[in-house]
$ cat work-v7.csv   # CSV, C-alpha atoms
chain,number,residue,atom,x,y,z
M,243,MET,CA,0.0,0.0,0.0
M,244,LEU,CA,1.2,3.5,-0.8
M,245,THR,CA,0.4,6.4,1.4
M,246,MET,CA,0.7,10.0,0.2
M,247,ILE,CA,0.0,13.4,1.7
M,248,GLN,CA,-1.5,16.2,-0.3
M,249,GLY,CA,-1.2,19.9,0.4
M,250,ARG,CA,-0.9,23.2,-1.3
M,251,LYS,CA,1.8,25.8,-1.6
M,252,LEU,CA,3.5,26.7,1.7
M,253,PRO,CA,5.5,29.9,2.3
M,254,GLY,CA,8.5,28.3,4.0
M,255,LEU,CA,10.7,25.3,3.6
M,256,PHE,CA,9.5,24.0,7.0
M,257,GLU,CA,6.0,25.4,7.1
M,258,ILE,CA,4.5,25.4,10.6
M,259,PRO,CA,0.9,26.7,10.7
M,260,SER,CA,1.0,28.1,14.2
M,261,ARG,CA,3.4,30.9,15.2
M,262,GLY,CA,2.2,30.9,18.8
M,263,PRO,CA,4.3,30.5,22.0
M,264,LEU,CA,4.1,26.7,21.5
M,265,PHE,CA,6.9,26.9,19.1
M,266,ARG,CA,9.5,29.4,20.2
M,267,GLU,CA,10.6,32.2,22.4
M,268,PRO,CA,11.6,35.6,20.9
M,269,LEU,CA,15.0,35.2,19.2
M,270,SER,CA,18.0,37.4,19.2
M,271,PRO,CA,18.5,38.9,15.7
M,272,ILE,CA,21.4,36.7,14.5
M,273,ILE,CA,22.0,33.2,15.9
M,274,PRO,CA,23.1,29.9,14.3
M,275,ALA,CA,20.4,27.5,13.2
M,276,HIS,CA,21.6,24.7,15.4
M,277,SER,CA,20.9,26.9,18.5
M,278,ASN,CA,17.1,26.4,17.9
M,279,PHE,CA,16.1,24.0,15.2
M,280,ARG,CA,12.4,24.3,16.0
M,281,ALA,CA,12.4,28.1,15.2
M,282,TYR,CA,14.7,27.7,12.3
M,283,ALA,CA,12.5,25.1,10.7
M,284,GLN,CA,9.6,27.5,11.0
M,285,ASP,CA,11.4,30.4,9.2
M,286,ALA,CA,13.7,28.7,6.6
M,287,VAL,CA,12.7,29.4,3.0
M,288,LEU,CA,14.0,27.6,0.0
M,289,PRO,CA,15.9,30.0,-2.4
M,290,ARG,CA,14.1,30.6,-5.7
M,291,MET,CA,15.2,28.4,-8.6
M,292,GLU,CA,14.9,30.2,-11.9
M,293,LEU,CA,15.2,28.2,-15.1
M,294,SER,CA,17.6,29.0,-18.0
M,295,PRO,CA,16.2,31.3,-20.6
M,296,THR,CA,17.5,28.8,-23.2
M,297,LEU,CA,14.7,26.4,-22.4
M,298,PRO,CA,11.5,26.3,-24.4
M,299,PRO,CA,8.5,27.9,-22.8
M,300,LEU,CA,6.9,25.9,-20.0
M,301,PRO,CA,3.3,24.6,-20.5
M,302,PRO,CA,0.6,27.0,-19.2
M,303,PRO,CA,-0.4,26.5,-15.5
M,304,GLY,CA,-2.7,23.5,-15.1
M,305,HIS,CA,-1.3,21.7,-18.2
M,306,ARG,CA,0.8,18.6,-18.4
M,307,SER,CA,4.0,18.6,-20.3
M,308,HIS,CA,3.4,15.5,-22.4
M,309,ALA,CA,7.2,15.2,-22.4
M,310,ASN,CA,7.8,12.6,-19.7
M,311,ARG,CA,8.9,9.8,-22.0
M,312,LEU,CA,10.4,7.4,-19.4
M,313,SER,CA,11.5,4.1,-20.9
M,314,ILE,CA,9.1,2.0,-18.8
M,315,ILE,CA,6.9,-0.7,-20.2
M,316,TRP,CA,4.3,-2.9,-18.6
M,317,GLU,CA,5.5,-5.6,-16.3
M,318,ALA,CA,3.4,-8.2,-14.5
M,319,TYR,CA,5.3,-8.0,-11.3
M,320,ARG,CA,4.3,-4.4,-10.6
M,321,ARG,CA,1.1,-4.0,-8.7
M,322,LEU,CA,-0.5,-0.9,-7.4
M,323,GLU,CA,-3.9,-1.6,-5.8
M,324,TYR,CA,-4.7,1.4,-3.8
M,325,VAL,CA,-3.3,4.9,-3.0
M,326,LEU,CA,-4.2,6.5,0.3
M,327,ASN,CA,-3.9,10.3,0.3
M,328,ILE,CA,-3.3,11.8,3.8
M,329,THR,CA,-5.0,15.2,4.3
M,330,HIS,CA,-3.9,16.0,7.9
M,331,PHE,CA,-0.4,17.0,6.8
M,332,PRO,CA,-0.2,20.4,8.5
M,333,GLN,CA,-1.2,19.0,11.9
M,334,ALA,CA,1.3,16.1,11.5
M,335,VAL,CA,4.0,18.7,10.8
M,336,VAL,CA,3.1,20.7,14.0
M,337,GLU,CA,3.1,17.5,16.0
M,338,PHE,CA,6.4,16.3,14.7
M,339,CYS,CA,8.2,19.7,15.2
M,340,THR,CA,6.9,20.2,18.8
M,341,THR,CA,7.9,16.6,19.7
M,342,ASN,CA,11.2,16.2,17.9
M,343,LEU,CA,12.9,19.5,17.0
M,344,PRO,CA,14.8,21.0,20.0
M,345,THR,CA,14.8,24.6,21.0
M,346,ARG,CA,18.2,24.3,22.8
M,347,PRO,CA,21.6,24.2,21.0
M,348,THR,CA,22.2,21.0,19.2
M,349,GLY,CA,25.6,20.1,17.9
M,350,SER,CA,28.4,22.6,17.5
M,351,SER,CA,28.2,24.0,14.0
M,352,ASP,CA,25.8,24.7,11.1
M,353,GLY,CA,28.4,23.3,8.8
M,354,ASP,CA,29.1,19.6,8.1
M,355,GLU,CA,32.8,19.3,8.2
M,356,GLU,CA,32.9,15.5,7.8
M,357,ASN,CA,30.5,15.2,4.9
M,358,GLY,CA,30.6,18.7,3.4
M,359,GLY,CA,27.7,21.0,3.1
M,360,GLY,CA,25.5,21.6,6.1
M,361,ILE,CA,22.8,24.2,6.8
M,362,SER,CA,22.4,26.1,3.5
M,363,VAL,CA,18.8,27.3,3.5
M,364,VAL,CA,18.4,30.9,4.7
M,365,ALA,CA,16.1,31.9,7.6
M,366,PRO,CA,15.7,35.6,8.4
M,367,ALA,CA,16.5,35.5,12.1
M,368,PHE,CA,19.5,33.1,11.8
M,369,LYS,CA,23.1,33.5,10.8
M,370,THR,CA,23.2,30.6,8.4
M,371,GLY,CA,22.7,29.8,4.8
M,372,ARG,CA,25.1,30.5,1.9
M,373,SER,CA,24.9,31.3,-1.7
M,374,ILE,CA,25.8,28.3,-3.9
M,375,PRO,CA,26.7,29.1,-7.5
M,376,ILE,CA,24.6,26.4,-9.2
M,377,GLY,CA,23.2,28.6,-11.9
M,378,LYS,CA,19.8,28.5,-13.8
M,379,PRO,CA,19.0,24.9,-14.7
M,380,SER,CA,18.7,23.8,-18.3
M,381,ASP,CA,19.1,20.1,-17.6
M,382,VAL,CA,18.2,17.6,-15.0
M,383,ASP,CA,21.7,17.5,-13.5
M,384,ARG,CA,21.5,21.1,-12.4
M,385,VAL,CA,18.0,20.6,-11.0
M,386,LEU,CA,19.5,17.8,-9.0
M,387,ARG,CA,22.2,20.1,-7.7
M,388,TRP,CA,19.6,22.5,-6.4
M,389,VAL,CA,17.8,19.7,-4.6
M,390,MET,CA,21.0,18.3,-3.1
M,391,GLU,CA,22.7,21.5,-2.1
M,392,TYR,CA,19.8,23.2,-0.4
M,393,PRO,CA,17.0,21.0,1.0
M,394,LEU,CA,18.8,17.7,1.2
M,395,ALA,CA,22.1,19.1,2.6
M,396,THR,CA,20.2,21.1,5.2
M,397,VAL,CA,17.9,18.3,6.3
M,398,ASN,CA,20.8,15.7,6.3
M,399,HIS,CA,22.8,17.8,8.7
M,400,MET,CA,19.8,18.5,10.9
M,401,VAL,CA,19.0,14.8,11.2
M,402,HIS,CA,22.6,14.0,12.0
M,403,LEU,CA,22.6,16.5,14.9
M,404,VAL,CA,19.1,15.8,16.2
M,405,TYR,CA,19.6,12.0,15.9
M,406,PRO,CA,23.3,11.2,16.3
M,407,ARG,CA,22.7,7.5,15.7
M,408,THR,CA,22.1,8.4,12.0
M,409,ALA,CA,25.6,9.6,11.6
M,410,ASP,CA,26.4,6.7,9.3
M,411,PHE,CA,23.5,7.6,6.9
M,412,THR,CA,24.6,9.7,3.9
M,413,LEU,CA,23.2,11.1,0.7
M,414,GLN,CA,24.5,8.9,-2.2
M,415,GLU,CA,23.9,10.0,-5.7
M,416,GLY,CA,22.8,7.2,-8.0
M,417,LYS,CA,23.7,6.4,-11.6
M,418,ASN,CA,21.1,5.6,-14.2
M,419,LYS,CA,21.5,2.3,-15.9
M,420,ASP,CA,18.8,3.0,-18.5
M,421,ASP,CA,17.9,5.6,-21.1
M,422,ASP,CA,16.2,8.0,-18.7
M,423,GLY,CA,19.3,9.9,-17.6
M,424,GLU,CA,18.3,13.1,-19.3
M,425,ILE,CA,15.0,13.4,-17.5
M,426,PHE,CA,15.4,11.4,-14.3
M,427,ARG,CA,18.0,11.3,-11.5
M,428,TRP,CA,18.0,9.9,-8.0
M,429,VAL,CA,19.7,10.0,-4.6
M,430,VAL,CA,19.4,7.5,-1.8
M,431,TRP,CA,19.7,8.5,1.9
M,432,SER,CA,20.9,5.3,3.5
M,433,ARG,CA,23.7,3.8,5.6
M,434,ASP,CA,27.1,4.3,4.2
M,435,GLU,CA,28.2,0.9,2.8
M,436,ASN,CA,31.7,1.4,4.2
M,437,THR,CA,30.2,1.4,7.8
M,438,ILE,CA,28.3,-1.8,7.4
M,439,THR,CA,29.7,-4.6,9.6
M,440,GLU,CA,26.7,-6.9,10.1
M,441,ALA,CA,24.4,-8.5,7.6
M,442,GLN,CA,21.3,-7.1,9.1
M,443,ASP,CA,22.6,-3.5,8.6
M,444,THR,CA,22.3,-4.0,4.8
M,445,TRP,CA,18.5,-4.0,5.4
M,446,SER,CA,18.5,-0.6,7.2
M,447,GLU,CA,15.7,1.8,6.3
M,448,SER,CA,16.5,4.1,3.5
M,449,VAL,CA,14.8,7.0,1.6
M,450,LEU,CA,14.9,7.3,-2.2
M,451,ILE,CA,14.8,10.8,-3.6
M,452,MET,CA,13.8,11.0,-7.3
M,453,VAL,CA,14.3,14.2,-9.3
M,454,GLN,CA,12.8,15.3,-12.6
M,455,PRO,CA,12.9,18.8,-14.2
M,456,PRO,CA,9.9,21.0,-13.8
M,457,TRP,CA,9.6,21.4,-17.5
M,458,ILE,CA,9.2,17.6,-17.8
M,459,LEU,CA,7.1,17.0,-14.6
M,460,THR,CA,4.7,19.9,-14.2
M,461,GLU,CA,2.4,20.6,-11.3
M,462,ALA,CA,-0.4,19.2,-13.3
M,463,ASP,CA,1.7,16.0,-14.0
M,464,LEU,CA,2.4,15.7,-10.2
M,465,ASP,CA,-1.4,16.0,-9.5
M,466,TRP,CA,-2.1,13.4,-12.1
M,467,PHE,CA,0.5,11.1,-10.5
M,468,ILE,CA,-1.0,11.2,-7.0
M,469,ARG,CA,-4.5,10.7,-8.4
M,470,THR,CA,-3.5,7.4,-9.9
M,471,ASN,CA,-5.1,4.5,-8.0
M,472,HIS,CA,-3.8,1.5,-9.8
M,473,LEU,CA,-1.5,0.1,-12.5
M,474,PRO,CA,-2.9,-2.2,-15.3
M,475,VAL,CA,-3.1,-5.7,-14.0
M,476,GLU,CA,-3.0,-7.2,-17.5
M,477,LYS,CA,-0.9,-6.0,-20.4
M,478,PRO,CA,-2.8,-3.2,-22.0
M,479,HIS,CA,-3.2,-2.9,-25.8
M,480,ARG,CA,-1.6,0.5,-25.7
M,481,ARG,CA,1.5,2.2,-24.5
M,482,LEU,CA,1.5,3.1,-20.8
M,483,LYS,CA,0.3,6.5,-20.0
M,484,SER,CA,2.7,9.1,-18.5
M,485,ASN,CA,1.4,8.7,-15.0
M,486,GLU,CA,1.6,4.9,-15.2
M,487,ARG,CA,5.2,5.0,-16.5
M,488,LEU,CA,6.2,7.3,-13.7
M,489,TRP,CA,4.6,5.0,-11.1
M,490,GLY,CA,6.4,2.1,-12.8
M,491,LYS,CA,9.6,4.0,-12.5
M,492,VAL,CA,9.0,4.8,-8.8
M,493,TRP,CA,8.0,1.1,-8.1
M,494,ASP,CA,11.1,-0.2,-9.9
M,495,MET,CA,13.5,2.2,-8.2
M,496,CYS,CA,12.2,1.6,-4.7
M,497,ALA,CA,12.4,-2.2,-5.3
M,498,TYR,CA,16.0,-1.8,-6.6
M,499,LYS,CA,17.1,0.2,-3.6
M,500,ARG,CA,14.9,-1.7,-1.1
M,501,ALA,CA,13.3,1.6,0.0
M,502,HIS,CA,9.8,1.8,1.3
M,503,TRP,CA,10.1,5.6,1.7
M,504,PHE,CA,10.4,7.9,-1.3
M,505,VAL,CA,10.4,11.5,-2.4
M,506,LEU,CA,9.6,12.7,-5.9
M,507,THR,CA,10.5,16.3,-6.6
M,508,THR,CA,11.1,18.9,-9.3
M,509,TYR,CA,12.4,21.3,-6.6
M,510,TRP,CA,9.2,23.4,-7.4
M,511,GLY,CA,6.9,20.6,-6.3
M,512,TRP,CA,7.2,17.6,-3.9
M,513,VAL,CA,5.5,14.3,-3.3
M,514,PHE,CA,6.4,12.3,-0.2
M,515,GLY,CA,5.3,8.7,0.1
M,516,CYS,CA,5.9,5.2,1.3
M,517,PHE,CA,5.0,1.7,0.2
M,518,SER,CA,3.4,-0.9,2.3
M,519,LYS,CA,5.3,-4.1,3.1
M,520,ARG,CA,3.8,-5.8,0.1
M,521,LYS,CA,4.4,-2.8,-2.2
M,522,TYR,CA,0.9,-2.9,-3.5
M,523,TYR,CA,-0.5,0.0,-1.5
M,524,PRO,CA,1.1,3.4,-1.4
M,525,VAL,CA,0.6,6.2,1.0
M,526,SER,CA,1.3,9.6,-0.6
M,527,ILE,CA,1.8,13.1,0.5
M,528,ARG,CA,1.5,16.0,-1.9
M,529,ALA,CA,3.2,19.2,-0.8
M,530,THR,CA,5.5,21.8,-2.2
M,531,ARG,CA,8.2,22.0,0.5
M,532,GLY,CA,9.9,19.7,2.8
M,533,LEU,CA,9.5,19.4,6.6
M,534,THR,CA,8.2,15.9,5.9
M,535,LEU,CA,11.5,15.1,4.4
M,536,LEU,CA,12.9,15.4,7.9
M,537,VAL,CA,10.2,12.9,9.0
M,538,ARG,CA,10.9,10.5,6.2
M,539,MET,CA,14.6,10.6,6.9
M,540,ASP,CA,14.2,9.6,10.5
M,541,PRO,CA,14.3,5.8,10.5
M,542,ARG,CA,12.1,5.7,13.7
M,543,ILE,CA,9.1,7.2,11.9
M,544,HIS,CA,6.8,4.5,10.4
M,545,ILE,CA,3.3,4.2,9.1
M,546,PRO,CA,2.3,0.6,10.1
M,547,ARG,CA,2.7,-1.2,6.7
M,548,ASP,CA,0.6,-4.2,7.6
M,549,SER,CA,-2.3,-2.1,8.9
M,550,ILE,CA,-2.7,0.2,5.8
$ encode --input "work-v7.csv" --output "C-alpha cells"
Amino acid sequence: MLTMIQGRKLPGLFEIPSRGPLFREPLSPIIPAHSNFRAYAQDAVLPRMELSPTLPPLPPPGHRSHANRLSIIWEAYRRLEYVLNITHFPQAVVEFCTTNLPTRPTGSSDGDEENGGGISVVAPAFKTGRSIPIGKPSDVDRVLRWVMEYPLATVNHMVHLVYPRTADFTLQEGKNKDDDGEIFRWVVWSRDENTITEAQDTWSESVLIMVQPPWILTEADLDWFIRTNHLPVEKPHRRLKSNERLWGKVWDMCAYKRAHWFVLTTYWGWVFGCFSKRKYYPVSIRATRGLTLLVRMDPRIHIPRDSI
C-alpha cells in the first residue's frame, strides 16, 4: 500500500501553521540555526530556482508537459492496488516539530565538516545559509544540484545533529542504468556501505529521492501522478500513460534500492510517500516544500505497513 499526503503551496521550507508560543521564544537577531532548530524550521525558506532562458516555454499553468517519456513498459510484477492520500499533513508537521525538534543548542556547527555541506537554506533570524553558484537549470543534472545543495544538505545535517545515531547515513547520488538519464535522476539516503559490519545492517531503512525537471514533470503532472489509483493488472493494448510510466519507475527504483520511503520532486513541487510491506498499496503526501523530508529521513518514523 502506498500512502501520500496532499497539500498546497507553503510559504516556507519547513512550514508550521502556528506561530504561537508553543513553538518558540523571541529570538536574538542573529543566531546559528543549530541553536534552535524548531524556530529555524519555521522560518527557513528555499531559495528561488529560476530556469535557464534557453529552455522552451513551459506549459501554461494547469497543463501537463506530455514530455515525460520514461523508458518504462508494462511488467506483470508491478502492482498498485490502492493509493491513500493523507490530508492532515499540517497537523502532522506541527506535532512532529513540537515533539522532535529541539529549542536548545544541538551540535556545535551549522556546517558539516565531515561530509561537506551543512545548513544552506536561509532563515531571516539566523546567521546561516550560503549562496551556492549552481546557476539556472537547463538540464536535470543542475536541478539535482539545487535539490541536493539546499533542502537535502540542510535536512541531512539537521537529522545527524538531532539523531546522532544516524551519523552513518549519507546522501548517495545514483547512476542511471537505462535511457532515462536526461530526464530522471535519483539520490538515496541510507547507511554508508563502508560502515556496514553486520548482515542485518544491509536492510536498514532508506529513503529514495527521485528528481525530474519542472519542464518535464509539471504541477499538473504531479497532481495526475497522485490521483493514480492502480496500474494495469493485465498487459494493455496500448502504451502506458505518462502517470503509469512514472509509477512504474518509482516502483522499480524503490524495489531496486529496497526503499519503502520515497520522495519525488522537481524542486518546485514535492511528493512524499511510502509503500506498504507488500508494495501494492502506497501512502502519498502532496506538498511543495519539505519538513516531511525530515520525518521521512528519520528511521524511527513509520506508518504501520501491515495495517494500511
$ closest_atom_pairs --input "work-v7.csv" --of "stretch 365-403 of chain M" --to "stretch 421-433 of chain M" --cutoff "10 Å" --atoms "all atoms listed in the file" --output "JSON lines"
{"residue": "M:Asp381", "atom": "CA", "partner": "M:Glu424", "partner_atom": "CA", "distance": 7.2}
{"residue": "M:Val382", "atom": "CA", "partner": "M:Ile425", "partner_atom": "CA", "distance": 5.8}
{"residue": "M:Asp383", "atom": "CA", "partner": "M:Arg427", "partner_atom": "CA", "distance": 7.5}
{"residue": "M:Val385", "atom": "CA", "partner": "M:Arg427", "partner_atom": "CA", "distance": 9.3}
{"residue": "M:Leu386", "atom": "CA", "partner": "M:Arg427", "partner_atom": "CA", "distance": 7.1}
{"residue": "M:Val389", "atom": "CA", "partner": "M:Val429", "partner_atom": "CA", "distance": 9.9}
{"residue": "M:Met390", "atom": "CA", "partner": "M:Val429", "partner_atom": "CA", "distance": 8.5}
{"residue": "M:Leu394", "atom": "CA", "partner": "M:Trp431", "partner_atom": "CA", "distance": 9.3}
{"residue": "M:Asn398", "atom": "CA", "partner": "M:Trp431", "partner_atom": "CA", "distance": 8.5}
$ closest_residue --input "work-v7.csv" --among "M:Arg407, M:Lys419, M:Arg500, M:Lys483" --to "M:Asn310" --atoms "only C-alpha atoms"
M:Lys483
$ residues_around --input "work-v7.csv" --residues "M:Val492" --least-positions-apart "6" --cutoff "10 Å" --atoms "only C-alpha atoms" --output "number ranges by chain"
M: 450-452, 486, 498, 504-506
$ closest_residue --input "work-v7.csv" --among "M:Gly360, M:Gln284, M:Leu326, M:Pro302" --to "M:Cys339" --atoms "only C-alpha atoms"
M:Gln284
$ atom_distance --input "work-v7.csv" --atom1 "atom CA of M:Val449" --atom2 "atom CA of M:His502"
7.2 Å
$ closest_atom_pairs --input "work-v7.csv" --of "stretch 469-527 of chain M" --to "stretch 286-300 of chain M" --cutoff "12 Å" --atoms "all atoms listed in the file" --output "CSV"
residue,atom,partner,partner_atom,distance
M:Thr508,CA,M:Met291,CA,10.4
M:Tyr509,CA,M:Met291,CA,7.9
M:Trp510,CA,M:Met291,CA,7.9
M:Gly511,CA,M:Met291,CA,11.6
$ closest_residue --input "work-v7.csv" --among "M:Arg306, M:His399, M:Arg320, M:Lys369" --to "M:Ser277" --atoms "all atoms listed in the file"
M:Lys369
$ closest_residue --input "work-v7.csv" --among "M:Pro274, M:Gly416, M:Pro478, M:Gly304" --to "M:Pro366" --atoms "only C-alpha atoms"
M:Pro274
$ atom_distance --input "work-v7.csv" --atom1 "atom CA of M:Glu317" --atom2 "atom CA of M:Val513"
23.8 Å
$ atom_distance --input "work-v7.csv" --atom1 "atom CA of M:Asp463" --atom2 "atom CA of M:His308"
8.6 Å
$ residues_around --input "work-v7.csv" --residues "stretch 354-356 of chain M" --least-positions-apart "5" --cutoff "10 Å" --atoms "only C-alpha atoms" --output "PyMOL selection string"
chain M and resi 361+395-396+398-400+402-403
$ closest_residue --input "work-v7.csv" --among "M:Asn327, M:Ser350, M:Ser373, M:Ser448" --to "M:Gly515" --atoms "only C-alpha atoms"
M:Asn327
